[in-house]
Amino acid sequence: TCQEEKIVFSSLFNWLMGAGRELAVVLISMVPLVELRGAVPLGAVAGVPVIELIPLAVIGNMIPIPFLLFFGEKLLDWVCSLGPLSGFATKYREKLLGKTGQVTRYERLGLFLFVAIPLPGTGAWSGALIATLLKMPKTKALTSILCGVIVAGFIMLLGSQGVIGVAHLF
């Protein structure tokens with residue numbers, strides 16, 4: 001459930017805080033499905049200054065992306081071949097392939113928007129895998145993903161600042 005996920009992420013973040021809240025932001029930003037979209041609100045709640053928060057989250061989110069652009073399809077094939085994860089990985093691949101039309105239609109702009117708009121199933125990891133599956137030029141894909149991650153960071157920051165501001169009213 002959603003409440004259980006919050007407890008898990010909160011526990012993980014608290015554990016990572018032992019290494020420092022800045023490192024926690026970088027590490028959480030690297031985690032697939034959570035990425036910067038989870039790290040920015042957690043970092044904001046932890047009191048990481050905004051001037052540090054966005055660059056740390058962007059750096060953390062971008063660290064795995066070049067590797068995914070080069071090896072993403074092979075990685076996805078490998079995970080699909082693993083017994084316990086094959087079902088999830090196969091469904092994830094199908095979901096990604098279902099979203100390729102949005103990216104293909106607008107190419108770099110489509111990839112940028114796919115990564116920038118913080119919706120479930122979008123983000124840098126998914127964007128990199130889609131770019132890999134579509135055989136997009138790696139440099140152009142990397143640029144689109146980076147710009148999308150930066151915009152997503154500011155969107156998440158605005159959202160978290162609004163939530164934090166409302167929470168302080170009570």
# chains A, B, ... in the order shown; residues from 1 in each chain; ligands from 1

$ residues_around --residues "segment 32-41 of chain A" --least-positions-apart "2" --cutoff "7 Å" --atoms "only C-alpha atoms" --output "VMD selection string"
chain A and resid 25 28 to 30 43 to 45 53 57 to 58 61 118 125 153 156 to 157 160

$ residues_around --residues "Ile59 of chain A" --least-positions-apart "4" --cutoff "8 Å" --atoms "only C-alpha atoms" --output "count of residues only"
3

$ residues_around --residues "segment 135-138 of chain A" --least-positions-apart "2" --cutoff "9 Å" --atoms "only C-alpha atoms" --output "JSON, numbers by chain"
{"A": [66, 69, 70, 107, 108, 130, 131, 132, 133, 140, 141, 142, 143]}

$ write_last_selection --atoms "all heavy atoms" --output "mmCIF file, in the first residue's frame"
data_model
loop_
_atom_site.group_PDB
_atom_site.id
_atom_site.type_symbol
_atom_site.label_atom_id
_atom_site.label_comp_id
_atom_site.auth_asym_id
_atom_site.auth_seq_id
_atom_site.Cartn_x
_atom_site.Cartn_y
_atom_site.Cartn_z
ATOM 1 N N PRO A 66 24.082 7.315 -18.529
ATOM 2 C CA PRO A 66 24.973 6.906 -19.635
ATOM 3 C C PRO A 66 25.117 5.387 -19.741
ATOM 4 O O PRO A 66 25.141 4.841 -20.847
ATOM 5 C CB PRO A 66 26.312 7.567 -19.285
ATOM 6 C CG PRO A 66 25.947 8.721 -18.416
ATOM 7 C CD PRO A 66 24.736 8.279 -17.645
ATOM 8 N N LEU A 69 22.018 4.070 -21.370
ATOM 9 C CA LEU A 69 21.974 4.368 -22.800
ATOM 10 C C LEU A 69 22.833 3.385 -23.601
ATOM 11 O O LEU A 69 22.512 3.065 -24.740
ATOM 12 C CB LEU A 69 22.404 5.811 -23.075
ATOM 13 C CG LEU A 69 21.403 6.882 -22.634
ATOM 14 C CD1 LEU A 69 22.004 8.272 -22.783
ATOM 15 C CD2 LEU A 69 20.099 6.771 -23.413
ATOM 16 N N PHE A 70 23.913 2.933 -23.008
ATOM 17 C CA PHE A 70 24.797 2.002 -23.711
ATOM 18 C C PHE A 70 24.393 0.537 -23.499
ATOM 19 O O PHE A 70 24.518 -0.279 -24.403
ATOM 20 C CB PHE A 70 26.255 2.206 -23.280
ATOM 21 C CG PHE A 70 26.896 3.371 -23.954
ATOM 22 C CD1 PHE A 70 26.958 4.601 -23.316
ATOM 23 C CD2 PHE A 70 27.418 3.262 -25.238
ATOM 24 C CE1 PHE A 70 27.531 5.693 -23.938
ATOM 25 C CE2 PHE A 70 27.992 4.344 -25.873
ATOM 26 C CZ PHE A 70 28.050 5.570 -25.226
ATOM 27 N N GLU A 107 10.475 13.079 -31.064
ATOM 28 C CA GLU A 107 11.899 12.789 -30.917
ATOM 29 C C GLU A 107 12.472 13.387 -29.637
ATOM 30 O O GLU A 107 12.033 13.047 -28.562
ATOM 31 C CB GLU A 107 12.662 13.237 -32.157
ATOM 32 C CG GLU A 107 12.256 12.475 -33.400
ATOM 33 C CD GLU A 107 13.020 12.890 -34.626
ATOM 34 O OE1 GLU A 107 13.915 13.736 -34.533
ATOM 35 O OE2 GLU A 107 12.700 12.354 -35.689
ATOM 36 N N ARG A 108 13.461 14.287 -29.775
ATOM 37 C CA ARG A 108 14.145 14.818 -28.587
ATOM 38 C C ARG A 108 13.184 15.559 -27.666
ATOM 39 O O ARG A 108 13.271 15.451 -26.452
ATOM 40 C CB ARG A 108 15.292 15.719 -29.011
ATOM 41 C CG ARG A 108 16.432 14.933 -29.658
ATOM 42 C CD ARG A 108 17.528 15.807 -30.178
ATOM 43 N NE ARG A 108 18.114 16.606 -29.103
ATOM 44 C CZ ARG A 108 18.913 17.637 -29.322
ATOM 45 N NH1 ARG A 108 19.227 17.987 -30.541
ATOM 46 N NH2 ARG A 108 19.413 18.313 -28.319
ATOM 47 N N ILE A 130 13.794 3.777 -23.059
ATOM 48 C CA ILE A 130 13.043 4.031 -24.295
ATOM 49 C C ILE A 130 13.996 4.496 -25.394
ATOM 50 O O ILE A 130 13.924 4.036 -26.532
ATOM 51 C CB ILE A 130 11.917 5.051 -24.058
ATOM 52 C CG1 ILE A 130 10.768 4.391 -23.291
ATOM 53 C CG2 ILE A 130 11.412 5.633 -25.374
ATOM 54 C CD1 ILE A 130 9.649 5.333 -22.909
ATOM 55 N N ALA A 131 14.895 5.418 -25.062
ATOM 56 C CA ALA A 131 15.866 5.903 -26.053
ATOM 57 C C ALA A 131 16.711 4.758 -26.582
ATOM 58 O O ALA A 131 17.016 4.691 -27.782
ATOM 59 C CB ALA A 131 16.754 6.985 -25.431
ATOM 60 N N THR A 132 17.086 3.839 -25.707
ATOM 61 C CA THR A 132 17.874 2.676 -26.113
ATOM 62 C C THR A 132 17.070 1.774 -27.032
ATOM 63 O O THR A 132 17.566 1.340 -28.067
ATOM 64 C CB THR A 132 18.330 1.884 -24.864
ATOM 65 O OG1 THR A 132 19.103 2.744 -24.036
ATOM 66 C CG2 THR A 132 19.166 0.686 -25.239
ATOM 67 N N LEU A 133 15.821 1.493 -26.645
ATOM 68 C CA LEU A 133 14.971 0.631 -27.465
ATOM 69 C C LEU A 133 14.694 1.244 -28.837
ATOM 70 O O LEU A 133 14.554 0.531 -29.825
ATOM 71 C CB LEU A 133 13.653 0.336 -26.742
ATOM 72 C CG LEU A 133 13.762 -0.519 -25.475
ATOM 73 C CD1 LEU A 133 12.418 -0.560 -24.745
ATOM 74 C CD2 LEU A 133 14.239 -1.923 -25.801
ATOM 75 N N LYS A 140 22.223 12.958 -28.104
ATOM 76 C CA LYS A 140 20.961 13.703 -28.132
ATOM 77 C C LYS A 140 20.017 13.209 -27.039
ATOM 78 O O LYS A 140 19.334 14.004 -26.392
ATOM 79 C CB LYS A 140 20.309 13.574 -29.512
ATOM 80 C CG LYS A 140 21.077 14.302 -30.593
ATOM 81 C CD LYS A 140 20.430 14.157 -31.936
ATOM 82 C CE LYS A 140 21.243 14.913 -32.983
ATOM 83 N NZ LYS A 140 20.662 14.809 -34.308
ATOM 84 N N ALA A 141 19.981 11.899 -26.841
ATOM 85 C CA ALA A 141 19.135 11.339 -25.789
ATOM 86 C C ALA A 141 19.605 11.829 -24.411
ATOM 87 O O ALA A 141 18.786 12.223 -23.578
ATOM 88 C CB ALA A 141 19.152 9.817 -25.846
ATOM 89 N N LEU A 142 20.917 11.816 -24.188
ATOM 90 C CA LEU A 142 21.465 12.257 -22.904
ATOM 91 C C LEU A 142 21.112 13.718 -22.629
ATOM 92 O O LEU A 142 20.714 14.075 -21.521
ATOM 93 C CB LEU A 142 22.983 12.049 -22.874
ATOM 94 C CG LEU A 142 23.668 12.332 -21.544
ATOM 95 C CD1 LEU A 142 23.206 11.347 -20.473
ATOM 96 C CD2 LEU A 142 25.176 12.251 -21.703
ATOM 97 N N THR A 143 21.219 14.558 -23.650
ATOM 98 C CA THR A 143 20.889 15.984 -23.492
ATOM 99 C C THR A 143 19.412 16.161 -23.158
ATOM 100 O O THR A 143 19.061 16.930 -22.255
ATOM 101 C CB THR A 143 21.235 16.755 -24.781
ATOM 102 O OG1 THR A 143 22.607 16.544 -25.088
ATOM 103 C CG2 THR A 143 20.976 18.237 -24.627
#

$ select_by_dssp --residues "chain A" --states "alpha helix (DSSP H)" --output "JSON, numbers by chain"
{"A": [2, 3, 4, 5, 6, 7, 8, 9, 10, 11, 12, 13, 14, 15, 16, 17, 21, 22, 23, 24, 25, 26, 27, 28, 29, 30, 35, 36, 37, 38, 39, 40, 41, 42, 43, 44, 45, 50, 51, 52, 53, 54, 55, 56, 57, 58, 59, 60, 61, 62, 65, 66, 67, 68, 69, 70, 71, 72, 73, 74, 75, 76, 77, 78, 79, 80, 81, 83, 84, 85, 86, 87, 88, 89, 90, 91, 92, 93, 94, 95, 96, 97, 98, 99, 100, 101, 102, 103, 104, 105, 106, 107, 108, 109, 110, 111, 112, 113, 114, 115, 116, 124, 125, 126, 127, 128, 129, 130, 131, 132, 133, 138, 139, 140, 141, 142, 143, 144, 145, 146, 147, 148, 149, 150, 151, 152, 153, 154, 155, 156, 157, 158, 159, 160, 161, 162, 163, 164, 165, 166, 167, 168]}

$ closest_residue --among "A:Ile150, A:Leu129, A:Gly47, A:Gly83" --to "Phe67 of chain A" --atoms "only C-alpha atoms"
A:Leu129

$ residues_around --residues "segment 74-77 of chain A" --least-positions-apart "4" --cutoff "9 Å" --atoms "only C-alpha atoms" --output "ChimeraX atom specification"
/A:68,70,81,89-90,93,129

$ write_last_selection --atoms "C-alpha atoms" --output "compact mmCIF listing (two decimals), in the first residue's frame"
# COMPACT_ATOMS: atom_id res chain seq x y z
CA LEU A 68 21.61 2.67 -19.43
CA PHE A 70 24.80 2.00 -23.71
CA SER A 81 15.57 -13.88 -18.41
CA ALA A 89 10.64 -7.00 -16.40
CA THR A 90 8.62 -8.26 -19.35
CA ARG A 93 9.38 -3.59 -21.28
CA LEU A 129 15.52 2.67 -21.74

$ closest_residue --among "A:Leu85, A:Trp78, A:Leu42, A:Val115" --to "Ile54 of chain A" --atoms "only C-alpha atoms"
A:Leu42

$ residues_around --residues "Gly127 of chain A" --least-positions-apart "6" --cutoff "9 Å" --atoms "only C-alpha atoms" --output "list of chain:residue names"
A:Leu96, A:Val103, A:Leu111, A:Phe112, A:Phe114, A:Val115, A:Ala141, A:Ile145

$ closest_residue --among "A:Arg21, A:Val149, A:Pro84, A:Lys95" --to "Gly123 of chain A" --atoms "only C-alpha atoms"
A:Val149

$ closest_residue --among "A:Leu27, A:Leu134, A:Val151, A:Leu146" --to "Leu56 of chain A" --atoms "only C-alpha atoms"
A:Leu27

$ atom_distance --atom1 "atom CA of Thr139 of chain A" --atom2 "atom CA of Ile65 of chain A"
11.2 Å

$ decode --residues "segment 74-93 of chain A" --atoms "N, CA and C atoms" --output "mmCIF file, in the first residue's frame"
data_model
loop_
_atom_site.group_PDB
_atom_site.id
_atom_site.type_symbol
_atom_site.label_atom_id
_atom_site.label_comp_id
_atom_site.auth_asym_id
_atom_site.auth_seq_id
_atom_site.Cartn_x
_atom_site.Cartn_y
_atom_site.Cartn_z
ATOM 1 N N LYS A 74 20.454 -4.573 -23.225
ATOM 2 C CA LYS A 74 21.046 -5.832 -22.748
ATOM 3 C C LYS A 74 20.648 -6.097 -21.295
ATOM 4 N N LEU A 75 20.640 -5.061 -20.492
ATOM 5 C CA LEU A 75 20.238 -5.196 -19.095
ATOM 6 C C LEU A 75 18.776 -5.641 -18.996
ATOM 7 N N LEU A 76 17.934 -5.025 -19.796
ATOM 8 C CA LEU A 76 16.522 -5.391 -19.797
ATOM 9 C C LEU A 76 16.327 -6.836 -20.261
ATOM 10 N N ASP A 77 17.058 -7.249 -21.303
ATOM 11 C CA ASP A 77 17.004 -8.646 -21.768
ATOM 12 C C ASP A 77 17.433 -9.607 -20.658
ATOM 13 N N TRP A 78 18.504 -9.240 -19.957
ATOM 14 C CA TRP A 78 19.021 -10.092 -18.887
ATOM 15 C C TRP A 78 18.008 -10.222 -17.750
ATOM 16 N N VAL A 79 17.434 -9.081 -17.325
ATOM 17 C CA VAL A 79 16.459 -9.122 -16.227
ATOM 18 C C VAL A 79 15.222 -9.913 -16.656
ATOM 19 N N CYS A 80 14.840 -9.800 -17.929
ATOM 20 C CA CYS A 80 13.693 -10.570 -18.431
ATOM 21 C C CYS A 80 13.961 -12.077 -18.384
ATOM 22 N N SER A 81 15.226 -12.460 -18.420
ATOM 23 C CA SER A 81 15.565 -13.884 -18.408
ATOM 24 C C SER A 81 15.681 -14.458 -16.996
ATOM 25 N N LEU A 82 15.680 -13.599 -15.984
ATOM 26 C CA LEU A 82 15.772 -14.068 -14.602
ATOM 27 C C LEU A 82 14.412 -14.575 -14.143
ATOM 28 N N GLY A 83 14.397 -15.733 -13.565
ATOM 29 C CA GLY A 83 13.152 -16.360 -13.132
ATOM 30 C C GLY A 83 12.231 -15.467 -12.332
ATOM 31 N N PRO A 84 12.646 -15.044 -11.123
ATOM 32 C CA PRO A 84 11.727 -14.297 -10.267
ATOM 33 C C PRO A 84 11.365 -12.916 -10.807
ATOM 34 N N LEU A 85 12.241 -12.294 -11.589
ATOM 35 C CA LEU A 85 11.988 -10.941 -12.074
ATOM 36 C C LEU A 85 11.473 -10.883 -13.505
ATOM 37 N N SER A 86 11.427 -12.027 -14.167
ATOM 38 C CA SER A 86 11.089 -12.024 -15.590
ATOM 39 C C SER A 86 9.698 -11.464 -15.868
ATOM 40 N N GLY A 87 8.724 -11.797 -15.046
ATOM 41 C CA GLY A 87 7.362 -11.300 -15.258
ATOM 42 C C GLY A 87 7.290 -9.790 -15.153
ATOM 43 N N PHE A 88 7.876 -9.255 -14.088
ATOM 44 C CA PHE A 88 7.881 -7.803 -13.889
ATOM 45 C C PHE A 88 8.627 -7.113 -15.025
ATOM 46 N N ALA A 89 9.814 -7.632 -15.372
ATOM 47 C CA ALA A 89 10.645 -7.002 -16.402
ATOM 48 C C ALA A 89 9.964 -7.046 -17.769
ATOM 49 N N THR A 90 9.308 -8.145 -18.068
ATOM 50 C CA THR A 90 8.618 -8.264 -19.354
ATOM 51 C C THR A 90 7.458 -7.270 -19.431
ATOM 52 N N LYS A 91 6.693 -7.131 -18.347
ATOM 53 C CA LYS A 91 5.596 -6.155 -18.319
ATOM 54 C C LYS A 91 6.136 -4.728 -18.424
ATOM 55 N N TYR A 92 7.261 -4.471 -17.749
ATOM 56 C CA TYR A 92 7.877 -3.145 -17.801
ATOM 57 C C TYR A 92 8.330 -2.827 -19.227
ATOM 58 N N ARG A 93 8.949 -3.802 -19.896
ATOM 59 C CA ARG A 93 9.382 -3.590 -21.281
ATOM 60 C C ARG A 93 8.174 -3.282 -22.171
#
